[in-house]
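Structure record follows, encoded as structure tokens.
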Amino acid sequence: MVLLVSWAPKGLKQLPLSLAMLCVALGWGVFSLGILSFNPDPRTYDTLAERLTELVVIIALMGAGLKLDRPLGLRAWGATWRLLAIAMPLTIAATAVLGLTGLGFSLAMSLLLGAAMAPTDPVLASDVQTGPPRSGEENEVRFNLTAEAGLNDALAFPFVNLAILVSLSGAAGLALNDLGPWFAVDVVWKLAAGGAMGWIVGKAMGWLIFRAHDRGISRHADGLVAIGATFIAYALTELVHGYGFLAVFVCALTIRASERDDDFHEEMHDFAEQIERLLMMLLLVLFGGALANGLLDALTWADALIGLAILFIVRPVVGYLSLIGSPLRKRDRIMLAYLGIRGLGSVYYLAYGINHGTFGDSERLWAITGFIVLVSIVVHGVTSTPLMALIERLGGRDEPALQGAAAPANPPKQEQLG
């Protein structure tokens with residue numbers, strides 16, 4: 001597994017395949033042949049599934065924040081704000097409606113499905129994200145997919161908590177006066193606390209890494225610092241009841257902004273990415289084993305059709321609609337709308353919701369989530385590499401300057417523009 005993590009990304013770079021596809025296939029084969037005798041079903045190991053996916057997501061969020069060269073800003077991040085403020089709530093609403101009307105789920109289960117399916121995945125989307133810090137691999141599509149994945153994992157949490165609240169309300173149903181505390185705590189406080197704690201920890205870590213004792217500890221440290229910063233930001237934010245996912249991403253952005261041209265950013269990013277890939281492979285091998293042991297047994301044809309609709313109709317349609325009026329070119333809007341990759345973040349939210357709420361029989365909920373993740377791994381894995389290569393061949397490297405961001409270190413030639 002370790003060797004595959006090291007070699008596969010280089011070998012697959014020019015192929016319409018992904019490391020995630022190999023991991024799932026490996027897990028399915030190993031567990032189908034009985035080489036490993038236990039059943040890695042997340043329905044059985046629900047708490048462990050929650051914790052392991054939580055771990056890989058926060059490390060992926062640190063890596064995503066460190067790799068972004070573009071400074072945070074309203075105009076420079078305009079397409080990202082549209083995807084978060086418009087596409088994400090519409091995805092949750094549309095998915096919840098499909099859950100109620102097409103799947104016959106309760107309101108609580110439909111809300112949980114919508115919240116779990118809304119975020120794009122920061123783990124499995126690495127093939128379509130920006131390159132390492134200062135690499136210049138940051139066209140509009142790559143940048144916005146990275147920034148969206150970094151933020152929407154935290155922004156889905158209020159809706160997961162709303163689903164839990166509905167599930168715990170029982171026969172009496174959710175009262176209107178319950179929405180006030182939910183909005184004040186789960187929306188306002190936890191988002192504000194996550195952003196503030198991420199900024200505070202990021203500022204402190206940036207000072208320690210780059211400026212303490214005039215030279216900073218970056219001259220005497222290695223990339224493991226990124227993992228330490230991840231855990232500190234996450235733990236402190238959870239202690240004050242904020243959203244740790246948001247804190248980790250904001251912490252990474254703040255560290256990145258503290259000294260943009262230092263080589264140590266690349267070292268931290270590379271180390272975080274290696275740990276992320278190793279954990280991702282482990283979890284996807286186990287996911288393949290769960291598939292081999294019946295994770296999709298409860299899936300019906302109606303469930304499969306609704307799952308395909310969520311993946312290939314709901315996200316592309318609302319994603320494209322949210323970008324109407326933005327300065328992005330049409331092909332970039334289409335790509336951003338289409339590449340709404342679902343993965344381990346969705347598994348985390350589902351496990352978290354089930355572990356903290358009362359949703360009754362969740363067999364079909366797990367089955368449809370597993371089906372959507374599997375289809376996303378296969379379809380997006382096959383198509384993302386050639387599509388991204390096409391976008392870059394057509395000249396997708398000029399938009400960062402258009403959006404008011406810093407120009408890349410090696411600007412494209414004139415004939416590549418337009």
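All residue names refer to the structure tokens as shown: chains lettered A, B, ... in order, residues numbered from 1 in each chain, ligands numbered from 1 in order.
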| task | Could you tell me, as a VMD selection string, which residues of range 18-183 of chain A DSSP assigns to helix (DSSP H, G or I) when given the backbone? | result | chain A and resid 19 to 32 46 to 67 78 to 101 107 to 117 124 to 128 140 to 155 157 to 168 170 to 172 176 to 183
| query | Residues at most 9 Å from Trp207 in chain A, counting only C-alpha atoms, excluding those fewer than 3 positions away in the same chain, as number ranges by chain? | reply | A: 202-204, 210-212, 216, 255, 258
How would the residues just chosen look if you wrote them out with N, CA and C atoms as a PDB file, in the first residue's frame?
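Resulting contents of part14.pdb:
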ATOM      1  N   GLY A 202      -3.568  30.255  13.127  1.00  0.00           N
ATOM      2  CA  GLY A 202      -2.761  30.480  11.934  1.00  0.00           C
ATOM      3  C   GLY A 202      -1.781  31.620  12.110  1.00  0.00           C
ATOM      4  N   LYS A 203      -2.230  32.716  12.730  1.00  0.00           N
ATOM      5  CA  LYS A 203      -1.335  33.838  13.004  1.00  0.00           C
ATOM      6  C   LYS A 203      -0.197  33.423  13.931  1.00  0.00           C
ATOM      7  N   ALA A 204      -0.561  32.681  15.001  1.00  0.00           N
ATOM      8  CA  ALA A 204       0.460  32.246  15.955  1.00  0.00           C
ATOM      9  C   ALA A 204       1.451  31.292  15.296  1.00  0.00           C
ATOM     10  N   PHE A 210       7.845  31.406  10.817  1.00  0.00           N
ATOM     11  CA  PHE A 210       8.614  32.272   9.920  1.00  0.00           C
ATOM     12  C   PHE A 210       9.301  33.452  10.594  1.00  0.00           C
ATOM     13  N   ARG A 211       8.898  33.816  11.824  1.00  0.00           N
ATOM     14  CA  ARG A 211       9.429  35.062  12.381  1.00  0.00           C
ATOM     15  C   ARG A 211       9.993  34.949  13.792  1.00  0.00           C
ATOM     16  N   ALA A 212       9.674  33.911  14.536  1.00  0.00           N
ATOM     17  CA  ALA A 212      10.191  33.801  15.898  1.00  0.00           C
ATOM     18  C   ALA A 212      11.720  33.761  15.882  1.00  0.00           C
ATOM     19  N   GLY A 216      12.768  32.272  12.545  1.00  0.00           N
ATOM     20  CA  GLY A 216      11.656  31.337  12.525  1.00  0.00           C
ATOM     21  C   GLY A 216      12.112  29.897  12.628  1.00  0.00           C
ATOM     22  N   ILE A 255      -1.524  30.795   7.628  1.00  0.00           N
ATOM     23  CA  ILE A 255      -0.100  30.449   7.590  1.00  0.00           C
ATOM     24  C   ILE A 255       0.479  30.780   6.214  1.00  0.00           C
ATOM     25  N   SER A 258       1.100  34.456   5.786  1.00  0.00           N
ATOM     26  CA  SER A 258       2.084  35.086   6.671  1.00  0.00           C
ATOM     27  C   SER A 258       3.443  35.259   6.005  1.00  0.00           C
TER      28      SER A 258
END
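The residue set within 10 Å of Met388 in chain A, counting only C-alpha atoms and dropping same-chain residues fewer than 5 places from it, reads A:Asp127, A:Val128, A:Gln129, A:Asn139, A:Val141, A:Arg142, A:Met335, A:Thr383, A:Arg393, A:Leu394, A:Gly396.
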Output file for the residues above (N, CA and C atoms, as a compact mmCIF listing (two decimals), in the first residue's frame):
# COMPACT_ATOMS: atom_id res chain seq x y z
N ASP A 127 -6.85 15.35 -7.70
CA ASP A 127 -6.43 15.34 -9.10
C ASP A 127 -6.90 16.58 -9.86
N VAL A 128 -7.93 17.26 -9.37
CA VAL A 128 -8.46 18.43 -10.07
C VAL A 128 -8.17 19.72 -9.31
N GLN A 129 -7.41 19.62 -8.22
CA GLN A 129 -7.11 20.81 -7.43
C GLN A 129 -5.82 21.46 -7.93
N ASN A 139 -5.24 27.47 -12.39
CA ASN A 139 -6.22 28.12 -13.25
C ASN A 139 -7.54 28.25 -12.51
N VAL A 141 -10.48 26.87 -12.81
CA VAL A 141 -11.19 25.65 -12.44
C VAL A 141 -10.52 25.00 -11.24
N ARG A 142 -9.22 24.83 -11.32
CA ARG A 142 -8.50 24.19 -10.21
C ARG A 142 -8.61 25.01 -8.93
N MET A 335 -17.20 23.03 -16.26
CA MET A 335 -16.28 22.15 -15.54
C MET A 335 -16.49 22.24 -14.03
N THR A 383 -12.82 10.71 -16.05
CA THR A 383 -12.98 11.90 -16.90
C THR A 383 -12.19 13.12 -16.45
N ARG A 393 -5.03 23.04 -22.04
CA ARG A 393 -4.58 23.16 -23.42
C ARG A 393 -5.27 24.30 -24.14
N LEU A 394 -6.53 24.56 -23.74
CA LEU A 394 -7.29 25.64 -24.36
C LEU A 394 -6.93 27.01 -23.79
N GLY A 396 -6.35 27.83 -20.00
CA GLY A 396 -7.05 28.15 -18.76
C GLY A 396 -6.20 28.77 -17.70
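Minimum atom-to-atom distances from A:Val166, A:Leu33, A:Leu374, A:Met88 to Leu308 in chain A were compared using only C-alpha atoms, and the lowest value belongs to A:Leu374.
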So that each row is one residue of range 32-122 of chain A with an atom at most 8 Å from range 312-322 of chain A, can you give its shortest atom pair and the distance in Å to one decimal, using only C-alpha atoms, rows by chain and rising number, as a Markdown table?
| residue | atom | partner | partner_atom | distance |
| --- | --- | --- | --- | --- |
| A:Arg82 | CA | A:Ser322 | CA | 5.7 |
| A:Leu83 | CA | A:Ser322 | CA | 6.1 |
| A:Ile86 | CA | A:Ser322 | CA | 5.6 |
| A:Ala87 | CA | A:Gly319 | CA | 5.1 |
| A:Leu90 | CA | A:Val318 | CA | 6.6 |
| A:Thr91 | CA | A:Arg315 | CA | 6.2 |
| A:Ala94 | CA | A:Val314 | CA | 6.9 |
| A:Thr95 | CA | A:Val314 | CA | 7.5 |
| said: Please list as number ranges by chain every residue within 7 Å of Leu168 in chain A, counting only C-alpha atoms and excluding residues in the same chain fewer than 2 positions away. | reply: A: 164-166, 170, 357-358
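Counting only C-alpha atoms, Tyr234 in chain A has the following residues at most 7 Å away, ignoring those fewer than 4 positions along the same chain: Thr230, Glu238, Gly244, Phe245, Ala247 and Val248 of chain A.
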Within 12 Å of Phe183 in chain A, counting only C-alpha atoms, which residues show up once you throw out same-chain ones fewer than 4 positions away? Write them as a short mmCIF file (atom, residue, chain, number, x, y, z; two decimals) with N, CA and C atoms, in the first residue's frame, please.
data_model
loop_
_atom_site.label_atom_id
_atom_site.label_comp_id
_atom_site.auth_asym_id
_atom_site.auth_seq_id
_atom_site.Cartn_x
_atom_site.Cartn_y
_atom_site.Cartn_z
N PHE A 157 -22.04 21.58 7.93
CA PHE A 157 -22.29 21.13 9.29
C PHE A 157 -23.59 21.67 9.90
N PRO A 158 -23.95 22.94 9.71
CA PRO A 158 -25.22 23.40 10.28
C PRO A 158 -26.41 22.58 9.80
N PHE A 159 -26.37 22.13 8.56
CA PHE A 159 -27.50 21.35 8.03
C PHE A 159 -27.49 19.92 8.55
N ASN A 161 -26.45 19.23 11.57
CA ASN A 161 -26.99 19.42 12.92
C ASN A 161 -28.49 19.66 12.90
N LEU A 162 -28.99 20.32 11.85
CA LEU A 162 -30.43 20.50 11.73
C LEU A 162 -31.12 19.16 11.52
N LEU A 165 -31.27 17.49 14.81
CA LEU A 165 -32.30 18.12 15.63
C LEU A 165 -33.68 17.63 15.25
N LEU A 176 -41.00 25.75 15.84
CA LEU A 176 -40.34 26.93 15.28
C LEU A 176 -39.36 27.55 16.27
N ASN A 177 -39.70 27.46 17.57
CA ASN A 177 -38.79 28.08 18.54
C ASN A 177 -37.50 27.28 18.73
N ASP A 178 -37.44 26.07 18.13
CA ASP A 178 -36.18 25.32 18.15
C ASP A 178 -35.20 25.85 17.11
N LEU A 179 -35.72 26.55 16.09
CA LEU A 179 -34.86 27.03 15.02
C LEU A 179 -34.01 28.22 15.46
N VAL A 187 -25.23 27.89 13.46
CA VAL A 187 -24.88 28.68 12.28
C VAL A 187 -23.95 29.83 12.67
N VAL A 188 -24.43 30.72 13.55
CA VAL A 188 -23.67 31.93 13.84
C VAL A 188 -22.43 31.65 14.68
N TRP A 189 -22.65 31.07 15.89
CA TRP A 189 -21.53 30.92 16.81
C TRP A 189 -20.47 29.96 16.27
N LYS A 190 -20.87 28.79 15.82
CA LYS A 190 -19.88 27.77 15.45
C LYS A 190 -19.10 28.17 14.20
N LEU A 191 -19.74 28.85 13.27
CA LEU A 191 -19.00 29.33 12.10
C LEU A 191 -18.05 30.46 12.49
#
| For the atom pair CA of Phe249 in chain A and CA of Gly150 in chain A, what is the interatomic distance in Å to one decimal place? |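 These two atoms are separated by 6.1 Å.
Picture a line from CA of Tyr45 in chain A to CA of Leu112 in chain A; it runs 19.1 Å.
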